[in-house]
$ cat upload-v9.tsv   # TSV, C-alpha atoms
chain	number	residue	atom	x	y	z
S	46	MET	CA	0.00	0.00	0.00
S	47	TYR	CA	2.80	2.46	0.90
S	48	GLU	CA	6.08	2.69	-0.98
S	49	GLN	CA	7.20	6.17	0.07
S	50	ILE	CA	6.52	7.53	3.56
S	51	LEU	CA	7.43	10.99	4.81
S	52	LEU	CA	8.07	11.72	8.46
S	53	ALA	CA	8.15	15.47	8.98
S	54	THR	CA	9.87	16.17	12.27
S	55	GLY	CA	10.79	19.18	14.33
S	56	GLY	CA	12.99	17.03	16.56
S	57	GLU	CA	10.88	17.83	19.61
S	58	VAL	CA	9.01	15.64	22.10
S	59	ALA	CA	5.85	15.89	20.00
S	60	SER	CA	7.66	13.89	17.29
S	61	ASP	CA	8.68	10.92	19.46
S	62	ARG	CA	5.54	8.84	18.95
S	63	ALA	CA	5.40	9.85	15.29
S	64	VAL	CA	8.94	8.55	14.76
S	65	GLU	CA	7.98	5.14	16.13
S	66	HIS	CA	4.78	5.07	14.09
S	67	ALA	CA	6.54	6.04	10.84
S	68	ILE	CA	9.30	3.47	11.30
S	69	ASP	CA	6.76	0.74	12.13
S	70	LEU	CA	4.67	1.69	9.08
S	71	ALA	CA	7.70	1.66	6.77
S	72	ALA	CA	8.85	-1.70	8.15
S	73	GLN	CA	5.38	-3.19	7.75
S	74	HIS	CA	5.11	-2.09	4.10
S	75	GLY	CA	8.76	-2.41	3.07
S	76	ALA	CA	8.62	1.29	2.23
S	77	THR	CA	11.31	3.94	2.02
S	78	LEU	CA	11.10	6.40	4.89
S	79	HIS	CA	11.96	10.00	4.10
S	80	VAL	CA	12.77	12.04	7.20
S	81	LEU	CA	12.40	15.80	6.73
S	82	PHE	CA	13.30	18.72	8.97
S	83	VAL	CA	12.43	22.18	7.73
S	84	VAL	CA	14.53	25.11	8.90
S	85	ASP	CA	11.85	27.76	9.32
S	86	SER	CA	12.83	30.74	7.18
S	87	ASP	CA	10.44	32.99	9.13
S	88	VAL	CA	12.52	32.43	12.27
S	89	TYR	CA	15.85	33.49	10.83
S	90	ASP	CA	14.40	36.15	8.51
S	91	ALA	CA	13.16	37.93	11.65
S	92	TYR	CA	16.76	38.62	12.71
S	93	SER	CA	18.68	41.53	11.22
S	94	GLY	CA	21.95	39.63	11.43
S	95	ASP	CA	23.77	42.75	12.63
S	96	GLU	CA	25.22	40.92	15.63
S	97	TYR	CA	26.84	38.24	13.43
S	98	VAL	CA	30.36	38.77	12.14
S	99	ASP	CA	30.43	35.70	9.92
S	100	GLU	CA	27.56	34.42	7.75
S	101	SER	CA	28.02	30.94	9.25
S	102	GLU	CA	27.06	32.32	12.68
S	103	GLY	CA	23.46	33.23	11.83
S	104	PRO	CA	20.45	31.62	13.52
S	105	GLU	CA	19.64	29.53	10.44
S	106	HIS	CA	22.91	27.64	10.88
S	107	GLY	CA	22.06	26.71	14.46
S	108	LEU	CA	18.61	25.58	13.38
S	109	GLU	CA	20.14	23.61	10.53
S	110	GLU	CA	22.44	21.79	12.97
S	111	VAL	CA	19.44	20.91	15.17
S	112	GLY	CA	17.69	19.59	12.07
S	113	LYS	CA	20.66	17.53	10.91
S	114	ASP	CA	20.96	15.96	14.36
S	115	ALA	CA	17.22	15.21	14.57
S	116	VAL	CA	17.14	13.67	11.10
S	117	ALA	CA	20.31	11.62	11.69
S	118	ALA	CA	18.87	10.16	14.91
S	119	VAL	CA	15.70	9.00	13.12
S	120	VAL	CA	17.59	7.61	10.12
S	121	GLU	CA	19.90	5.70	12.47
S	122	LYS	CA	16.92	4.30	14.39
S	123	ALA	CA	15.20	3.26	11.15
S	124	ASP	CA	18.40	1.66	9.81
S	125	SER	CA	18.76	-0.36	13.01
S	126	ARG	CA	15.26	-1.75	12.33
S	127	GLY	CA	16.10	-2.64	8.72
S	128	VAL	CA	14.10	0.25	7.24
S	129	ASP	CA	15.50	2.10	4.22
S	130	ALA	CA	15.59	5.74	5.35
S	131	GLU	CA	16.76	8.95	3.74
S	132	GLY	CA	17.32	12.19	5.63
S	133	HIS	CA	16.56	15.66	4.30
S	134	VAL	CA	16.99	19.17	5.72
S	135	GLN	CA	15.40	22.01	3.77
S	136	HIS	CA	14.83	25.72	4.33
S	137	GLY	CA	11.45	27.40	3.94
S	138	GLN	CA	8.08	27.78	5.58
S	139	PRO	CA	7.46	24.38	7.20
S	140	PRO	CA	3.88	23.57	6.06
S	141	GLU	CA	4.42	24.55	2.45
S	142	THR	CA	7.88	22.94	2.29
S	143	ILE	CA	6.59	19.67	3.75
S	144	VAL	CA	3.74	19.44	1.25
S	145	GLU	CA	5.98	20.40	-1.69
S	146	PHE	CA	8.57	17.80	-0.65
S	147	ALA	CA	5.86	15.15	-0.34
S	148	ARG	CA	4.55	15.95	-3.83
S	149	ASP	CA	8.00	15.99	-5.42
S	150	ALA	CA	9.04	12.72	-3.75
S	151	GLY	CA	5.82	10.92	-4.68
S	152	VAL	CA	5.04	10.26	-1.04
S	153	ASP	CA	2.05	8.03	-0.29
S	154	VAL	CA	1.49	9.23	3.28
S	155	VAL	CA	2.88	11.95	5.55
S	156	VAL	CA	3.37	11.17	9.25
S	157	MET	CA	3.58	14.03	11.73
S	158	GLY	CA	3.50	14.43	15.46
S	159	THR	CA	1.62	16.99	17.48
S	160	ARG	CA	1.15	17.79	21.11
S	161	ARG	CA	-2.34	17.64	22.55
S	162	ARG	CA	-3.06	21.10	23.86
S	163	PRO	CA	-6.13	22.83	25.23
S	164	ASP	CA	-8.52	24.14	22.56
S	165	GLU	CA	-7.81	27.72	23.59
S	166	TYR	CA	-4.12	27.33	22.78
S	167	ARG	CA	-4.82	25.70	19.43
S	168	SER	CA	-7.23	28.41	18.33
S	169	LEU	CA	-4.72	31.14	19.18
S	170	LEU	CA	-1.60	29.68	17.62
S	171	GLY	CA	-2.54	26.90	15.19
S	172	SER	CA	0.26	24.55	14.17
S	173	VAL	CA	2.37	23.30	11.30
S	174	THR	CA	0.47	20.02	11.46
S	175	ASP	CA	-2.89	21.76	11.11
S	176	ARG	CA	-1.69	23.67	8.05
S	177	VAL	CA	-0.22	20.54	6.41
S	178	LEU	CA	-3.55	18.79	6.92
S	179	ARG	CA	-5.25	21.58	4.98
S	180	LEU	CA	-2.67	21.80	2.17
S	181	ALA	CA	-1.82	18.14	1.48
S	182	GLU	CA	-3.49	16.10	-1.24
S	183	MET	CA	-2.10	12.83	0.12
S	184	PRO	CA	-3.13	11.22	3.42
S	185	VAL	CA	-1.60	12.68	6.58
S	186	THR	CA	-1.35	10.61	9.73
S	187	VAL	CA	-1.18	12.69	12.92
S	188	VAL	CA	0.28	11.00	15.98
S	189	LYS	CA	-0.63	12.83	19.18
S	190	THR	CA	1.60	13.16	22.22
S	191	PRO	CA	-0.08	14.30	25.43
S	192	VAL	CA	1.48	17.34	27.09
S	193	GLU	CA	2.22	17.01	30.78
S	194	PRO	CA	0.99	19.85	32.99
S	195	GLY	CA	3.60	22.56	33.37
S	196	ARG	CA	5.27	21.94	29.97

$ encode --input "upload-v9.tsv" --output "structure tokens"
Amino acid sequence: MYEQILLATGGEVASDRAVEHAIDLAAQHGATLHVLFVVDSDVYDAYSGDEYVDESEGPEHGLEEVGKDAVAAVVEKADSRGVDAEGHVQHGQPPETIVEFARDAGVDVVVMGTRRRPDEYRSLLGSVTDRVLRLAEMPVTVVKTPVEPGR
């Protein structure tokens, strides 16, 4: 049923259950697992960059390193389970970049994690996952992670 699966991850706690689900799904179907981290261009575009002496010191480079580490950890975990996995780090607006990547790669299903939050929080801020659900033509599986009080 699935030949190409995309796990879009932000490397945070909300992705933990999604990682397990995506790896299990890929193993079950003998599918290739694409692991994508999007460096949010809105985050680093908000900085003037005046405080940076060298271009390699900007906030996008720190975010890129976080992304590379997050992707590498998932790829390693998938490899240890015998799942063919490919890691990708791209720059852009996360929802649009995830959907574009999925289209271009011929992905059959996108797997994403989200934290369960109170309705008031969700209505104020929204989320990358919510936007991907609205933009994607292919199925999107959302794996929820409960948020502990105080987090």

$ closest_residue --input "upload-v9.tsv" --among "S:Glu109, S:Asp61, S:Glu121, S:Asp129" --to "Leu78 of chain S" --atoms "only C-alpha atoms"
S:Asp129

$ axis_aligned_box --input "upload-v9.tsv" --around "segment 171-190 of chain S" --padding-each-side "8 Å" --output "lines of an AutoDock Vina configuration file"
center_x = -1.4
center_y = 18.8
center_z = 10.5
size_x = 23.6
size_y = 32.3
size_z = 39.5

$ residues_near_point --input "upload-v9.tsv" --point "(4.9, 7.7, -4.8)" --cutoff "10 Å" --atoms "all atoms listed in the file" --output "PDB file with C-alpha atoms, in the coordinates of the input"
ATOM      1  CA  TYR S  47       2.800   2.460   0.900  1.00  0.00           C
ATOM      2  CA  GLU S  48       6.080   2.690  -0.980  1.00  0.00           C
ATOM      3  CA  GLN S  49       7.200   6.170   0.070  1.00  0.00           C
ATOM      4  CA  ILE S  50       6.520   7.530   3.560  1.00  0.00           C
ATOM      5  CA  ALA S 147       5.860  15.150  -0.340  1.00  0.00           C
ATOM      6  CA  ARG S 148       4.550  15.950  -3.830  1.00  0.00           C
ATOM      7  CA  ASP S 149       8.000  15.990  -5.420  1.00  0.00           C
ATOM      8  CA  ALA S 150       9.040  12.720  -3.750  1.00  0.00           C
ATOM      9  CA  GLY S 151       5.820  10.920  -4.680  1.00  0.00           C
ATOM     10  CA  VAL S 152       5.040  10.260  -1.040  1.00  0.00           C
ATOM     11  CA  ASP S 153       2.050   8.030  -0.290  1.00  0.00           C
ATOM     12  CA  VAL S 154       1.490   9.230   3.280  1.00  0.00           C
ATOM     13  CA  MET S 183      -2.100  12.830   0.120  1.00  0.00           C
TER      14      MET S 183
END

$ residues_around --input "upload-v9.tsv" --residues "segment 172-176 of chain S" --least-positions-apart "3" --cutoff "10 Å" --atoms "only C-alpha atoms" --output "list of chain:residue names"
S:Ala53, S:Gly55, S:Gln138, S:Pro139, S:Pro140, S:Glu141, S:Ile143, S:Val144, S:Val156, S:Met157, S:Gly158, S:Thr159, S:Arg160, S:Arg167, S:Ser168, S:Leu169, S:Arg179, S:Leu180, S:Ala181, S:Val185, S:Thr186, S:Val187

$ closest_residue --input "upload-v9.tsv" --among "S:Gly137, S:Gly132, S:Pro184, S:Gly56" --to "Val111 of chain S" --atoms "all atoms listed in the file"
S:Gly56

$ atom_distance --input "upload-v9.tsv" --atom1 "atom CA of Ala67 of chain S" --atom2 "atom CA of Gly107 of chain S"
26.1 Å

$ atom_distance --input "upload-v9.tsv" --atom1 "atom CA of Thr77 of chain S" --atom2 "atom CA of Leu51 of chain S"
8.5 Å

$ atom_distance --input "upload-v9.tsv" --atom1 "atom CA of Ser60 of chain S" --atom2 "atom CA of Val188 of chain S"
8.0 Å

$ closest_residue --input "upload-v9.tsv" --among "S:Ala123, S:Val58, S:Val83, S:Leu52" --to "Leu108 of chain S" --atoms "all atoms listed in the file"
S:Val83

$ build_atoms --input "upload-v9.tsv" --residues "segment 65-91 of chain S" --atoms "N, CA, C and O atoms" --output "compact mmCIF listing (two decimals), keeping the file's coordinate frame"
# COMPACT_ATOMS: atom_id res chain seq x y z
N GLU S 65 8.23 6.58 15.97
CA GLU S 65 7.98 5.14 16.13
C GLU S 65 6.91 4.66 15.14
O GLU S 65 7.06 3.61 14.52
N HIS S 66 5.87 5.44 15.00
CA HIS S 66 4.78 5.07 14.09
C HIS S 66 5.28 5.00 12.64
O HIS S 66 4.99 4.05 11.92
N ALA S 67 6.04 6.00 12.22
CA ALA S 67 6.54 6.04 10.84
C ALA S 67 7.49 4.88 10.56
O ALA S 67 7.42 4.26 9.49
N ILE S 68 8.37 4.58 11.49
CA ILE S 68 9.30 3.47 11.30
C ILE S 68 8.54 2.15 11.25
O ILE S 68 8.80 1.31 10.38
N ASP S 69 7.58 1.96 12.14
CA ASP S 69 6.76 0.74 12.13
C ASP S 69 6.01 0.61 10.80
O ASP S 69 5.96 -0.49 10.21
N LEU S 70 5.43 1.69 10.33
CA LEU S 70 4.67 1.69 9.08
C LEU S 70 5.58 1.34 7.90
O LEU S 70 5.22 0.52 7.05
N ALA S 71 6.75 1.94 7.85
CA ALA S 71 7.70 1.66 6.77
C ALA S 71 8.16 0.20 6.82
O ALA S 71 8.26 -0.46 5.78
N ALA S 72 8.42 -0.30 8.01
CA ALA S 72 8.85 -1.70 8.15
C ALA S 72 7.74 -2.66 7.70
O ALA S 72 8.00 -3.63 6.99
N GLN S 73 6.53 -2.36 8.10
CA GLN S 73 5.38 -3.19 7.75
C GLN S 73 5.15 -3.26 6.24
O GLN S 73 4.77 -4.30 5.72
N HIS S 74 5.40 -2.15 5.54
CA HIS S 74 5.11 -2.09 4.10
C HIS S 74 6.36 -2.22 3.23
O HIS S 74 6.24 -2.18 2.00
N GLY S 75 7.54 -2.35 3.84
CA GLY S 75 8.76 -2.41 3.07
C GLY S 75 9.00 -1.12 2.30
O GLY S 75 9.54 -1.12 1.19
N ALA S 76 8.58 -0.01 2.89
CA ALA S 76 8.62 1.29 2.23
C ALA S 76 9.91 2.04 2.56
O ALA S 76 10.57 1.76 3.56
N THR S 77 10.22 3.01 1.73
CA THR S 77 11.31 3.94 2.02
C THR S 77 10.76 5.04 2.92
O THR S 77 9.68 5.57 2.66
N LEU S 78 11.49 5.34 3.96
CA LEU S 78 11.10 6.40 4.89
C LEU S 78 11.95 7.63 4.63
O LEU S 78 13.17 7.59 4.72
N HIS S 79 11.29 8.71 4.26
CA HIS S 79 11.96 10.00 4.10
C HIS S 79 11.75 10.76 5.40
O HIS S 79 10.63 10.85 5.89
N VAL S 80 12.84 11.29 5.95
CA VAL S 80 12.77 12.04 7.20
C VAL S 80 13.14 13.48 6.86
O VAL S 80 14.23 13.74 6.36
N LEU S 81 12.21 14.40 7.12
CA LEU S 81 12.40 15.80 6.73
C LEU S 81 12.32 16.74 7.92
O LEU S 81 11.39 16.67 8.71
N PHE S 82 13.31 17.61 8.02
CA PHE S 82 13.30 18.72 8.97
C PHE S 82 13.35 19.99 8.15
O PHE S 82 14.19 20.13 7.27
N VAL S 83 12.45 20.92 8.45
CA VAL S 83 12.43 22.18 7.73
C VAL S 83 12.94 23.29 8.64
O VAL S 83 12.38 23.51 9.72
N VAL S 84 14.01 23.95 8.20
CA VAL S 84 14.53 25.11 8.90
C VAL S 84 13.60 26.26 8.55
O VAL S 84 13.51 26.66 7.39
N ASP S 85 12.88 26.76 9.54
CA ASP S 85 11.85 27.76 9.32
C ASP S 85 12.46 29.11 8.93
O ASP S 85 13.07 29.79 9.75
N SER S 86 12.26 29.48 7.68
CA SER S 86 12.83 30.74 7.18
C SER S 86 12.25 31.96 7.90
O SER S 86 12.92 32.98 8.02
N ASP S 87 11.02 31.86 8.41
CA ASP S 87 10.44 32.99 9.13
C ASP S 87 11.21 33.29 10.42
O ASP S 87 11.30 34.44 10.84
N VAL S 88 11.78 32.25 11.03
CA VAL S 88 12.52 32.43 12.27
C VAL S 88 13.80 33.21 12.00
O VAL S 88 14.09 34.21 12.66
N TYR S 89 14.58 32.79 11.03
CA TYR S 89 15.85 33.49 10.83
C TYR S 89 15.70 34.77 10.00
O TYR S 89 16.53 35.66 10.09
N ASP S 90 14.63 34.90 9.23
CA ASP S 90 14.40 36.15 8.51
C ASP S 90 14.02 37.28 9.47
O ASP S 90 14.15 38.46 9.12
N ALA S 91 13.56 36.93 10.67
CA ALA S 91 13.16 37.93 11.65
C ALA S 91 14.37 38.63 12.28
O ALA S 91 14.23 39.68 12.88
